[in-house]
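Visitor: One structure, pasted below without further comment.
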Amino acid sequence: MSCHECAARGGAPRPATAVCSGCGAGTCPEHTHETVDVVRASSVGNPVERRTRRLTCTACSRVEPVVAAGSR
């Protein structure tokens, strides 16, 4: 699989090393954005928090802060 961002910009095809969790596009290291999500789960008397990694493409990483702000 090749990086969708590189192909869309008319650049040389580069191998994808990640898949965007937002749209499913393949991305190379240059176009992969990593953020940390905190997942909260609750069982009886035992709340649990764990950190997970979220990988997104350039387009989805630009849209996510706007979507999150609109859901408040």
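Letters A, B, ... mark the chains of the structure tokens in the order given; residue numbers begin at 1 per chain; ligand numbers begin at 1, in order shown.
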Taking 6 positions as the minimum chain separation for residues in the same chain, which residues sit within 9 Å of Gly26 (chain A) when counting only C-alpha atoms? Answer as a list in words.
Guide: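 In the requested format, the answer is Met1, Ser2, Cys3, His4, Glu5, Pro15, Ala16, Thr17, Ala18, Val19, Cys20, Thr32 and Cys57 of chain A.
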Visitor: Considering only C-alpha atoms, tabulate each residue of region 23-61 of chain A that lies at most 12 Å from region 7-12 of chain A along with its nearest interatomic pair and the corresponding distance in Å to one decimal; arrange the rows by chain and ascending residue number and present them as JSON lines.
Guide:
```
{"residue": "A:Ala25", "atom": "CA", "partner": "A:Ala7", "partner_atom": "CA", "distance": 11.2}
{"residue": "A:Gly26", "atom": "CA", "partner": "A:Ala7", "partner_atom": "CA", "distance": 10.5}
{"residue": "A:Thr27", "atom": "CA", "partner": "A:Ala7", "partner_atom": "CA", "distance": 10.1}
{"residue": "A:Cys28", "atom": "CA", "partner": "A:Ala7", "partner_atom": "CA", "distance": 10.8}
{"residue": "A:His31", "atom": "CA", "partner": "A:Ala7", "partner_atom": "CA", "distance": 11.4}
{"residue": "A:Thr58", "atom": "CA", "partner": "A:Ala8", "partner_atom": "CA", "distance": 11.6}
{"residue": "A:Ala59", "atom": "CA", "partner": "A:Ala8", "partner_atom": "CA", "distance": 11.3}
```
Visitor: Would you please work out which residue, of A:Glu64, A:Arg14, A:Leu55, A:Cys23, is nearest to Thr35 (chain A) when using only C-alpha atoms?
Guide: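 Of A:Glu64, A:Arg14, A:Leu55, A:Cys23, the one nearest Thr35 (chain A) is A:Leu55, counting only C-alpha atoms.
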Visitor: Compile the contact shell of Val36 (chain A) as a PyMOL selection string: residues with an atom at most 7 Å away, counting only C-alpha atoms, same-chain residues fewer than 3 positions apart removed.
Guide: chain A and resi 51-54
Visitor: Report the residues of chain A whose backbone DSSP state falls under helix (DSSP H, G or I), written as a list in words.
Guide: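 Those residues are His4, Glu5, Cys6, Ala7, Ala8, Pro29, Glu30, His31, Thr58, Ala59, Cys60, Ser61, Arg62, Val63, Glu64, Pro65, Val66, Val67, Ala68, Ala69 and Gly70 of chain A.
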